[in-house]
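For reference, final_14.tsv (TSV, C-alpha atoms and all ligand atoms):
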chain	number	residue	atom	x	y	z
A	1	MET	CA	-45.87	-2.31	11.47
A	2	GLU	CA	-45.52	-3.89	8.07
A	3	VAL	CA	-44.52	-7.55	8.05
A	4	LEU	CA	-41.64	-8.11	5.64
A	5	GLY	CA	-41.13	-11.73	6.58
A	6	PRO	CA	-38.88	-14.39	5.07
A	7	THR	CA	-40.83	-14.83	1.82
A	8	GLY	CA	-39.96	-11.59	-0.02
A	9	ALA	CA	-39.15	-11.71	-3.72
A	10	HIS	CA	-35.81	-13.29	-4.55
A	11	ALA	CA	-33.11	-11.15	-6.16
A	12	THR	CA	-29.63	-12.23	-7.15
A	13	PRO	CA	-26.69	-9.97	-6.23
A	14	ARG	CA	-26.44	-9.06	-9.92
A	15	GLU	CA	-30.09	-7.97	-10.01
A	16	VAL	CA	-29.60	-5.88	-6.86
A	17	VAL	CA	-26.61	-4.11	-8.42
A	18	GLU	CA	-28.31	-3.65	-11.79
A	19	ALA	CA	-31.27	-2.01	-10.01
A	20	LEU	CA	-28.90	0.58	-8.50
A	21	GLY	CA	-28.18	2.31	-11.82
A	22	LEU	CA	-24.64	2.75	-10.57
A	23	ARG	CA	-23.00	4.62	-13.44
A	24	HIS	CA	-24.93	7.91	-13.42
A	25	PRO	CA	-22.88	10.97	-12.38
A	26	VAL	CA	-24.31	13.42	-9.84
A	27	GLY	CA	-23.23	16.89	-10.95
A	28	ASP	CA	-19.42	16.96	-11.20
A	29	ARG	CA	-18.90	13.73	-9.32
A	30	PRO	CA	-19.67	10.04	-9.93
A	31	ARG	CA	-22.59	8.31	-8.26
A	32	VAL	CA	-21.34	6.67	-5.03
A	33	VAL	CA	-22.67	3.44	-3.55
A	34	ALA	CA	-21.15	2.12	-0.32
A	35	ALA	CA	-21.30	-1.51	0.78
A	36	MET	CA	-20.67	-2.32	4.42
A	37	ILE	CA	-21.28	-5.26	6.71
A	38	ALA	CA	-21.82	-5.02	10.45
A	39	SER	CA	-22.82	-7.28	13.30
A	40	VAL	CA	-26.21	-6.86	14.98
A	41	ASP	CA	-24.48	-4.69	17.59
A	42	GLY	CA	-22.99	-2.58	14.81
A	43	ARG	CA	-19.35	-3.75	14.80
A	44	ALA	CA	-17.60	-3.69	11.43
A	45	THR	CA	-14.79	-6.06	12.32
A	46	VAL	CA	-14.03	-9.26	14.22
A	47	ASP	CA	-10.35	-9.43	15.19
A	48	GLY	CA	-9.56	-6.43	12.97
A	49	ARG	CA	-11.12	-7.71	9.74
A	50	SER	CA	-14.60	-8.00	8.22
A	51	VAL	CA	-14.33	-11.57	6.86
A	52	ALA	CA	-15.93	-13.34	9.85
A	53	LEU	CA	-19.09	-11.24	9.40
A	54	GLY	CA	-19.58	-12.38	5.81
A	55	HIS	CA	-22.02	-14.51	3.84
A	56	PRO	CA	-21.69	-15.83	0.26
A	57	GLU	CA	-24.47	-13.48	-0.90
A	58	ASP	CA	-22.65	-10.53	0.66
A	59	ARG	CA	-19.44	-11.50	-1.13
A	60	GLY	CA	-21.62	-11.86	-4.26
A	61	LEU	CA	-22.82	-8.28	-3.86
A	62	LEU	CA	-19.26	-6.95	-3.54
A	63	ARG	CA	-18.28	-9.04	-6.55
A	64	GLU	CA	-21.09	-7.59	-8.69
A	65	LEU	CA	-20.33	-4.04	-7.52
A	66	ARG	CA	-16.71	-4.50	-8.55
A	67	ALA	CA	-17.82	-5.88	-11.92
A	68	GLY	CA	-20.21	-2.97	-12.53
A	69	ALA	CA	-18.33	0.06	-11.16
A	70	ASP	CA	-15.85	2.33	-12.91
A	71	ALA	CA	-13.90	2.70	-9.67
A	72	ILE	CA	-13.54	1.06	-6.27
A	73	LEU	CA	-12.86	3.49	-3.41
A	74	ALA	CA	-11.31	2.17	-0.19
A	75	GLY	CA	-9.46	3.85	2.67
A	76	ALA	CA	-5.76	3.23	3.03
A	77	ALA	CA	-6.33	1.48	6.36
A	78	THR	CA	-8.80	-0.90	4.72
A	79	LEU	CA	-6.42	-1.72	1.85
A	80	CYS	CA	-3.82	-2.74	4.44
A	81	ALA	CA	-6.10	-4.53	6.93
A	82	GLU	CA	-7.93	-6.52	4.25
A	83	ARG	CA	-4.74	-7.18	2.22
A	84	TYR	CA	-6.33	-6.10	-1.08
A	85	ALA	CA	-5.40	-8.37	-4.03
A	86	ASN	CA	-6.98	-9.84	-7.18
A	87	LEU	CA	-9.98	-7.51	-7.40
A	88	LEU	CA	-11.56	-9.42	-10.28
A	89	ASP	CA	-11.90	-13.02	-11.42
A	90	PRO	CA	-12.30	-13.99	-15.11
A	91	GLY	CA	-16.12	-14.06	-14.77
A	92	GLN	CA	-16.14	-10.44	-13.60
A	93	VAL	CA	-13.80	-9.40	-16.42
A	94	GLU	CA	-16.13	-11.08	-18.90
A	95	HIS	CA	-19.15	-9.32	-17.38
A	96	ARG	CA	-17.36	-5.95	-17.64
A	97	ARG	CA	-16.66	-6.65	-21.29
A	98	HIS	CA	-20.34	-7.44	-21.79
A	99	LEU	CA	-21.26	-4.13	-20.10
A	100	GLY	CA	-18.81	-2.24	-22.33
A	101	LEU	CA	-16.60	-1.22	-19.38
A	102	ARG	CA	-12.82	-1.07	-19.40
A	103	GLU	CA	-11.23	-4.32	-18.28
A	104	HIS	CA	-10.35	-3.16	-14.77
A	105	PRO	CA	-11.98	-0.61	-12.44
A	106	VAL	CA	-9.73	2.09	-11.04
A	107	LEU	CA	-8.81	1.35	-7.44
A	108	ALA	CA	-8.88	4.72	-5.67
A	109	THR	CA	-7.58	5.32	-2.18
A	110	VAL	CA	-6.96	8.26	0.14
A	111	SER	CA	-4.24	8.82	2.69
A	112	ARG	CA	-3.60	12.40	3.74
A	113	ARG	CA	-0.23	11.51	5.27
A	114	GLY	CA	0.83	9.39	2.27
A	115	THR	CA	2.14	6.61	4.49
A	116	LEU	CA	0.94	3.84	2.18
A	117	ARG	CA	3.73	1.46	1.11
A	118	ALA	CA	3.48	-0.85	-1.90
A	119	ALA	CA	4.79	-3.77	0.17
A	120	ASP	CA	1.85	-3.43	2.60
A	121	VAL	CA	-0.89	-4.16	0.03
A	122	PRO	CA	-0.51	-7.06	-2.46
A	123	ILE	CA	-2.52	-5.34	-5.22
A	124	PHE	CA	0.28	-2.77	-5.65
A	125	SER	CA	2.38	-5.67	-6.99
A	126	GLU	CA	-0.14	-6.60	-9.69
A	127	PRO	CA	1.13	-5.30	-13.05
A	128	GLY	CA	-1.22	-2.99	-14.91
A	129	VAL	CA	-3.90	-2.55	-12.23
A	130	PRO	CA	-4.90	1.14	-12.37
A	131	ILE	CA	-4.59	2.66	-8.88
A	132	ALA	CA	-5.26	6.33	-8.04
A	133	VAL	CA	-3.80	7.47	-4.72
A	134	TYR	CA	-4.94	10.82	-3.26
A	135	THR	CA	-2.59	12.35	-0.70
A	136	GLU	CA	-1.53	15.75	0.58
A	137	ARG	CA	2.13	15.58	-0.38
A	138	GLY	CA	2.84	12.49	-2.51
A	139	ALA	CA	3.56	8.91	-1.58
A	140	GLY	CA	6.54	6.57	-1.76
A	141	LEU	CA	4.98	4.15	-4.22
A	142	GLY	CA	7.67	4.22	-6.88
A	143	ASP	CA	8.38	0.49	-6.49
A	144	ALA	CA	4.80	-0.61	-7.28
A	145	ALA	CA	4.26	-2.88	-10.31
A	146	ALA	CA	0.68	-1.65	-10.59
A	147	ASP	CA	-0.11	1.41	-12.70
A	148	VAL	CA	-0.12	3.91	-9.80
A	149	GLY	CA	-1.03	7.56	-10.25
A	150	VAL	CA	-0.44	9.77	-7.22
A	151	HIS	CA	-2.57	12.92	-6.92
A	152	ALA	CA	-0.98	15.29	-4.39
A	153	LEU	CA	-3.74	17.73	-3.38
A	154	GLY	CA	-1.72	19.86	-0.95
A	155	GLU	CA	-1.97	20.53	2.77
A	156	GLY	CA	-5.61	20.14	3.87
A	157	GLY	CA	-6.63	19.46	0.26
A	158	VAL	CA	-7.76	15.83	0.54
A	159	THR	CA	-11.52	16.17	0.61
A	160	LEU	CA	-13.73	13.43	-0.74
A	161	ARG	CA	-15.47	15.99	-2.98
A	162	ARG	CA	-12.14	16.75	-4.67
A	163	VAL	CA	-11.23	13.08	-4.90
A	164	LEU	CA	-14.54	12.21	-6.55
A	165	ALA	CA	-14.42	15.19	-8.92
A	166	SER	CA	-10.92	14.12	-9.99
A	167	LEU	CA	-12.03	10.53	-10.54
A	168	HIS	CA	-14.84	11.81	-12.78
A	169	ARG	CA	-12.74	14.40	-14.64
A	170	ASP	CA	-9.32	12.74	-14.83
A	171	HIS	CA	-10.28	9.05	-14.93
A	172	GLY	CA	-13.69	9.09	-16.66
A	173	VAL	CA	-15.41	7.53	-13.64
A	174	ASP	CA	-19.22	7.74	-13.55
A	175	GLY	CA	-19.93	5.19	-10.80
A	176	VAL	CA	-17.99	4.37	-7.62
A	177	SER	CA	-18.36	1.44	-5.29
A	178	CYS	CA	-17.01	2.42	-1.88
A	179	GLU	CA	-15.84	-0.53	0.20
A	180	GLY	CA	-15.14	1.46	3.39
A	181	GLY	CA	-13.74	1.57	5.89
A	182	PRO	CA	-15.72	3.25	8.61
A	183	ARG	CA	-13.67	6.50	8.76
A	184	LEU	CA	-13.74	6.99	5.00
A	185	LEU	CA	-17.49	6.29	4.87
A	186	THR	CA	-18.09	8.86	7.62
A	187	ARG	CA	-16.18	11.49	5.63
A	188	LEU	CA	-18.15	10.66	2.48
A	189	ILE	CA	-21.42	11.24	4.33
A	190	ALA	CA	-20.12	14.36	6.12
A	191	GLU	CA	-19.30	15.83	2.69
A	192	ASP	CA	-22.70	14.78	1.32
A	193	CYS	CA	-21.12	12.50	-1.29
A	194	LEU	CA	-22.93	9.22	-0.60
A	195	ASP	CA	-25.94	8.23	-2.70
A	196	ASP	CA	-26.76	4.67	-1.61
A	197	LEU	CA	-25.77	2.45	1.30
A	198	LEU	CA	-25.93	-1.33	1.04
A	199	LEU	CA	-25.71	-2.41	4.66
A	200	THR	CA	-25.55	-6.11	5.45
A	201	VAL	CA	-26.47	-7.05	9.01
A	202	SER	CA	-24.56	-10.14	10.09
A	203	PRO	CA	-26.21	-12.33	12.75
A	204	LEU	CA	-23.39	-11.95	15.27
A	205	LEU	CA	-22.88	-10.03	18.49
A	206	VAL	CA	-19.29	-8.87	18.81
A	207	ALA	CA	-18.85	-6.00	21.32
A	208	GLY	CA	-15.24	-4.93	22.05
A	209	GLU	CA	-13.40	-1.87	20.79
A	210	GLY	CA	-13.51	-2.53	17.01
A	211	PRO	CA	-14.98	0.16	14.73
A	212	THR	CA	-18.69	0.44	14.05
A	213	ALA	CA	-19.87	0.84	10.43
A	214	LEU	CA	-19.19	4.58	10.73
A	215	ALA	CA	-16.30	5.88	12.82
A	216	GLY	CA	-14.58	9.14	13.63
A	217	PRO	CA	-16.03	12.54	14.54
A	218	ALA	CA	-19.82	12.85	14.67
A	219	LEU	CA	-21.51	14.08	11.52
A	220	PRO	CA	-22.52	17.76	11.53
A	221	ARG	CA	-26.10	16.43	11.61
A	222	PRO	CA	-27.48	12.88	11.31
A	223	ALA	CA	-27.96	11.79	7.69
A	224	ARG	CA	-31.54	10.77	6.86
A	225	LEU	CA	-31.93	7.52	4.91
A	226	ARG	CA	-34.82	6.01	2.98
A	227	LEU	CA	-35.21	2.24	2.89
A	228	ARG	CA	-35.35	1.25	-0.75
A	229	ASP	CA	-35.14	-2.51	-0.44
A	230	LEU	CA	-34.70	-5.34	2.02
A	231	HIS	CA	-33.53	-8.90	1.39
A	232	ARG	CA	-32.46	-11.80	3.51
A	233	ALA	CA	-30.24	-14.81	2.95
A	234	GLY	CA	-30.30	-17.22	5.86
A	235	ASP	CA	-29.95	-15.08	8.98
A	236	HIS	CA	-28.20	-12.19	7.16
A	237	LEU	CA	-30.24	-9.09	6.33
A	238	PHE	CA	-29.47	-6.93	3.31
A	239	LEU	CA	-30.66	-3.33	3.70
A	240	HIS	CA	-30.56	-0.95	0.77
A	241	TYR	CA	-30.87	2.68	1.80
A	242	ALA	CA	-30.79	5.82	-0.34
A	243	VAL	CA	-29.48	8.99	1.27
A	244	ASP	CA	-32.34	11.47	1.49
A	245	ARG	CA	-31.37	14.97	0.39
A	301	LIG	N1	-17.31	-4.27	7.82
A	301	LIG	C1	-17.00	-3.72	6.69
A	301	LIG	O1	-17.82	-3.70	5.74
A	301	LIG	C2	-15.64	-3.09	6.51
A	301	LIG	C3	-15.34	-2.47	5.30
A	301	LIG	C4	-14.09	-1.90	5.14
A	301	LIG	C5	-13.16	-1.95	6.17
A	301	LIG	N2	-13.48	-2.56	7.33
A	301	LIG	C6	-12.49	-2.57	8.43
A	301	LIG	O2	-12.30	-1.23	8.85
A	301	LIG	C7	-10.96	-1.05	9.31
A	301	LIG	C8	-10.32	0.13	8.59
A	301	LIG	O3	-11.18	1.22	8.60
A	301	LIG	P1	-10.76	2.66	9.16
A	301	LIG	O4	-12.02	3.36	9.47
A	301	LIG	O5	-9.74	2.47	10.24
A	301	LIG	O6	-9.99	3.31	7.98
A	301	LIG	P2	-10.42	3.55	6.43
A	301	LIG	O7	-11.74	4.22	6.39
A	301	LIG	O8	-10.19	2.33	5.64
A	301	LIG	O9	-9.29	4.53	5.99
A	301	LIG	C9	-9.28	5.82	6.40
A	301	LIG	C10	-8.10	6.35	5.67
A	301	LIG	O10	-8.49	7.47	4.96
A	301	LIG	C11	-7.50	8.43	5.07
A	301	LIG	N3	-8.17	9.72	5.08
A	301	LIG	C12	-8.03	10.66	4.14
A	301	LIG	N4	-8.76	11.72	4.39
A	301	LIG	C13	-9.41	11.47	5.54
A	301	LIG	C14	-10.33	12.20	6.32
A	301	LIG	N5	-10.72	13.42	5.97
A	301	LIG	N6	-10.80	11.63	7.47
A	301	LIG	C15	-10.41	10.39	7.82
A	301	LIG	N7	-9.54	9.63	7.11
A	301	LIG	C16	-9.04	10.19	5.99
A	301	LIG	C17	-6.73	8.09	6.33
A	301	LIG	O11	-5.38	8.17	6.04
A	301	LIG	P3	-4.56	9.33	6.72
A	301	LIG	O12	-4.69	9.15	8.19
A	301	LIG	O13	-3.19	9.13	6.17
A	301	LIG	O14	-5.23	10.54	6.22
A	301	LIG	C18	-7.03	6.66	6.63
A	301	LIG	O15	-5.98	5.81	6.30
A	301	LIG	C19	-10.24	-2.34	9.04
A	301	LIG	O16	-10.19	-3.07	10.24
A	301	LIG	C20	-11.12	-3.05	8.04
A	301	LIG	O17	-11.01	-4.45	8.17
A	301	LIG	C21	-14.70	-3.12	7.53

Could you express the structure from this file as structure tokens?
Amino acid sequence: MEVLGPTGAHATPREVVEALGLRHPVGDRPRVVAAMIASVDGRATVDGRSVALGHPEDRGLLRELRAGADAILAGAATLCAERYANLLDPGQVEHRRHLGLREHPVLATVSRRGTLRAADVPIFSEPGVPIAVYTERGAGLGDAAADVGVHALGEGGVTLRRVLASLHRDHGVDGVSCEGGPRLLTRLIAEDCLDDLLLTVSPLLVAGEGPTALAGPALPRPARLRLRDLHRAGDHLFLHYAVDR
């Protein structure tokens, strides 16, 4: 076995994200990078949220992904559980300007049933934030102050392939940072739409009934990953995998 050890080369979260080459479309869809954090026993939440698993460098990675992506994709359940608000700080906005990106990434979300309510997620009250909601039949989001576009894809029509193709075609999105949650990530992989996985292993044991990093029905066949990079910060491990296809 190769010894990776604690003395590997240092990389800042910005360098890790720059090395991804995030904004390169794959056919008719954007490139998709997912960032997830899980305990050593694989749990993605502690008391229903991911915050207790975190580390400043992990938050730094998410921050850089948000600054460098054209769109953030998150499941409706994640938007509600994590109370999404204030996606960017002034430093991220400045970095986007430097990269020649539009001021704000599109926040894209999926809910087949369209049960999302603006009052449940603070970011829907932030004027001007571009939000794309993909549903089967529409959503009651008329009272949102954000700039919400609802894409009704019809009964059974909400596939991640269609969502991603629409983001590319209708919103000019070349690179997506997927922030979960576990059910959405499983669907992305089942539809062969994930390119890279940044998995942070948090030095906790959690057990219980909370979701693991992937959740829902088993994949048609296990997805094969290639380890592209490995970092550590304190006792947290940062694994960068590419999906092998
Ligand atoms: N550790 C981490 O890195 C991390 C990251 C993100 C979230 N989380 C945690 O994960 C939990 C939420 O995750 P989750 O897995 O319950 O939900 P999720 O992945 O955030 O959201 C799934 C949503 O996608 C919609 N959806 C649309 N098409 C779907 C399809 N084909 N299959 C499945 N869902 C589809 C579902 O809405 P409909 O049912 O209306 O279709 C559902 O609301 C929260 O506790 C959050 O804190 C952890």

Just want the residues within 8 Å of ligand LIG 301 (chain A), written as a PDB file with C-alpha atoms, keeping the file's coordinate frame, counting only C-alpha atoms and all ligand atoms.
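Everything below was put into result-v1.pdb:
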ATOM      1  CA  ALA A  35     -21.300  -1.510   0.780  1.00  0.00           C
ATOM      2  CA  MET A  36     -20.670  -2.320   4.420  1.00  0.00           C
ATOM      3  CA  ILE A  37     -21.280  -5.260   6.710  1.00  0.00           C
ATOM      4  CA  ALA A  38     -21.820  -5.020  10.450  1.00  0.00           C
ATOM      5  CA  ARG A  43     -19.350  -3.750  14.800  1.00  0.00           C
ATOM      6  CA  ALA A  44     -17.600  -3.690  11.430  1.00  0.00           C
ATOM      7  CA  THR A  45     -14.790  -6.060  12.320  1.00  0.00           C
ATOM      8  CA  GLY A  48      -9.560  -6.430  12.970  1.00  0.00           C
ATOM      9  CA  ARG A  49     -11.120  -7.710   9.740  1.00  0.00           C
ATOM     10  CA  SER A  50     -14.600  -8.000   8.220  1.00  0.00           C
ATOM     11  CA  VAL A  51     -14.330 -11.570   6.860  1.00  0.00           C
ATOM     12  CA  LEU A  53     -19.090 -11.240   9.400  1.00  0.00           C
ATOM     13  CA  ALA A  74     -11.310   2.170  -0.190  1.00  0.00           C
ATOM     14  CA  GLY A  75      -9.460   3.850   2.670  1.00  0.00           C
ATOM     15  CA  ALA A  76      -5.760   3.230   3.030  1.00  0.00           C
ATOM     16  CA  ALA A  77      -6.330   1.480   6.360  1.00  0.00           C
ATOM     17  CA  THR A  78      -8.800  -0.900   4.720  1.00  0.00           C
ATOM     18  CA  LEU A  79      -6.420  -1.720   1.850  1.00  0.00           C
ATOM     19  CA  CYS A  80      -3.820  -2.740   4.440  1.00  0.00           C
ATOM     20  CA  ALA A  81      -6.100  -4.530   6.930  1.00  0.00           C
ATOM     21  CA  GLU A  82      -7.930  -6.520   4.250  1.00  0.00           C
ATOM     22  CA  THR A 109      -7.580   5.320  -2.180  1.00  0.00           C
ATOM     23  CA  VAL A 110      -6.960   8.260   0.140  1.00  0.00           C
ATOM     24  CA  SER A 111      -4.240   8.820   2.690  1.00  0.00           C
ATOM     25  CA  ARG A 112      -3.600  12.400   3.740  1.00  0.00           C
ATOM     26  CA  ARG A 113      -0.230  11.510   5.270  1.00  0.00           C
ATOM     27  CA  GLY A 114       0.830   9.390   2.270  1.00  0.00           C
ATOM     28  CA  THR A 115       2.140   6.610   4.490  1.00  0.00           C
ATOM     29  CA  LEU A 116       0.940   3.840   2.180  1.00  0.00           C
ATOM     30  CA  THR A 135      -2.590  12.350  -0.700  1.00  0.00           C
ATOM     31  CA  VAL A 158      -7.760  15.830   0.540  1.00  0.00           C
ATOM     32  CA  THR A 159     -11.520  16.170   0.610  1.00  0.00           C
ATOM     33  CA  LEU A 160     -13.730  13.430  -0.740  1.00  0.00           C
ATOM     34  CA  GLU A 179     -15.840  -0.530   0.200  1.00  0.00           C
ATOM     35  CA  GLY A 180     -15.140   1.460   3.390  1.00  0.00           C
ATOM     36  CA  GLY A 181     -13.740   1.570   5.890  1.00  0.00           C
ATOM     37  CA  PRO A 182     -15.720   3.250   8.610  1.00  0.00           C
ATOM     38  CA  ARG A 183     -13.670   6.500   8.760  1.00  0.00           C
ATOM     39  CA  LEU A 184     -13.740   6.990   5.000  1.00  0.00           C
ATOM     40  CA  LEU A 185     -17.490   6.290   4.870  1.00  0.00           C
ATOM     41  CA  THR A 186     -18.090   8.860   7.620  1.00  0.00           C
ATOM     42  CA  ARG A 187     -16.180  11.490   5.630  1.00  0.00           C
ATOM     43  CA  GLY A 210     -13.510  -2.530  17.010  1.00  0.00           C
ATOM     44  CA  PRO A 211     -14.980   0.160  14.730  1.00  0.00           C
ATOM     45  CA  THR A 212     -18.690   0.440  14.050  1.00  0.00           C
ATOM     46  CA  ALA A 213     -19.870   0.840  10.430  1.00  0.00           C
ATOM     47  CA  LEU A 214     -19.190   4.580  10.730  1.00  0.00           C
ATOM     48  CA  ALA A 215     -16.300   5.880  12.820  1.00  0.00           C
ATOM     49  CA  GLY A 216     -14.580   9.140  13.630  1.00  0.00           C
TER      50      GLY A 216
END

What is the distance between CA of Val32 in chain A and CA of Arg63 in chain A, in Å to one decimal?
16.1 Å

Just how far from CA of Val16 in chain A is CA of Arg169 in chain A, in Å to one decimal?
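Result for CA of Arg169 in chain A versus CA of Val16 in chain A: 27.5 Å, one decimal.
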
Residues near Glu64 in chain A, anyone? I mean within 9 Å using all atoms listed in the file, not counting same-chain ones fewer than 6 positions away, as a PDB file with C-alpha atoms, in the frame of the given file.
ATOM      1  CA  PRO A  13     -26.690  -9.970  -6.230  1.00  0.00           C
ATOM      2  CA  ARG A  14     -26.440  -9.060  -9.920  1.00  0.00           C
ATOM      3  CA  VAL A  16     -29.600  -5.880  -6.860  1.00  0.00           C
ATOM      4  CA  VAL A  17     -26.610  -4.110  -8.420  1.00  0.00           C
ATOM      5  CA  GLU A  18     -28.310  -3.650 -11.790  1.00  0.00           C
ATOM      6  CA  GLN A  92     -16.140 -10.440 -13.600  1.00  0.00           C
TER       7      GLN A  92
END

May I have the protein, DNA and RNA residues with an atom at most 10 Å from (-3.4, 18.9, -5.1), counting only C-alpha atoms in the file's coordinates, returned as a ChimeraX atom specification?
/A:134-138,150-158,162-163

So how far away is CA of Arg245 in chain A from CA of Ala190 in chain A, in Å?
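Those two atoms sit 12.6 Å apart.
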
Can you build me a table of range 109-219 of chain A residues sitting at most 9 Å from range 229-243 of chain A, with the closest atom pair per residue and its distance in Å to one decimal, using all atoms listed in the file, sorted by chain and residue number, as CSV?
residue,atom,partner,partner_atom,distance
A:Ile189,CA,A:Val243,CA,8.9
A:Asp192,CA,A:Val243,CA,8.9
A:Leu194,CA,A:Val243,CA,6.8
A:Asp195,CA,A:Val243,CA,5.4
A:Asp196,CA,A:Ala242,CA,4.4
A:Leu197,CA,A:Tyr241,CA,5.1
A:Leu198,CA,A:His240,CA,4.7
A:Leu199,CA,A:Leu239,CA,5.1
A:Thr200,CA,A:Phe238,CA,4.5
A:Val201,CA,A:Leu237,CA,5.1
A:Ser202,CA,A:His236,CA,5.1
A:Pro203,CA,A:His236,CA,5.9

Assuming 4 Å of padding per side, give the centre and edge lengths of the axis-aligned box around every listed atom of range 215-227 of chain A, in Å to one decimal and as JSON.
{"center_x": -24.9, "center_y": 10.0, "center_z": 8.8, "size_x": 28.6, "size_y": 23.5, "size_z": 19.8}
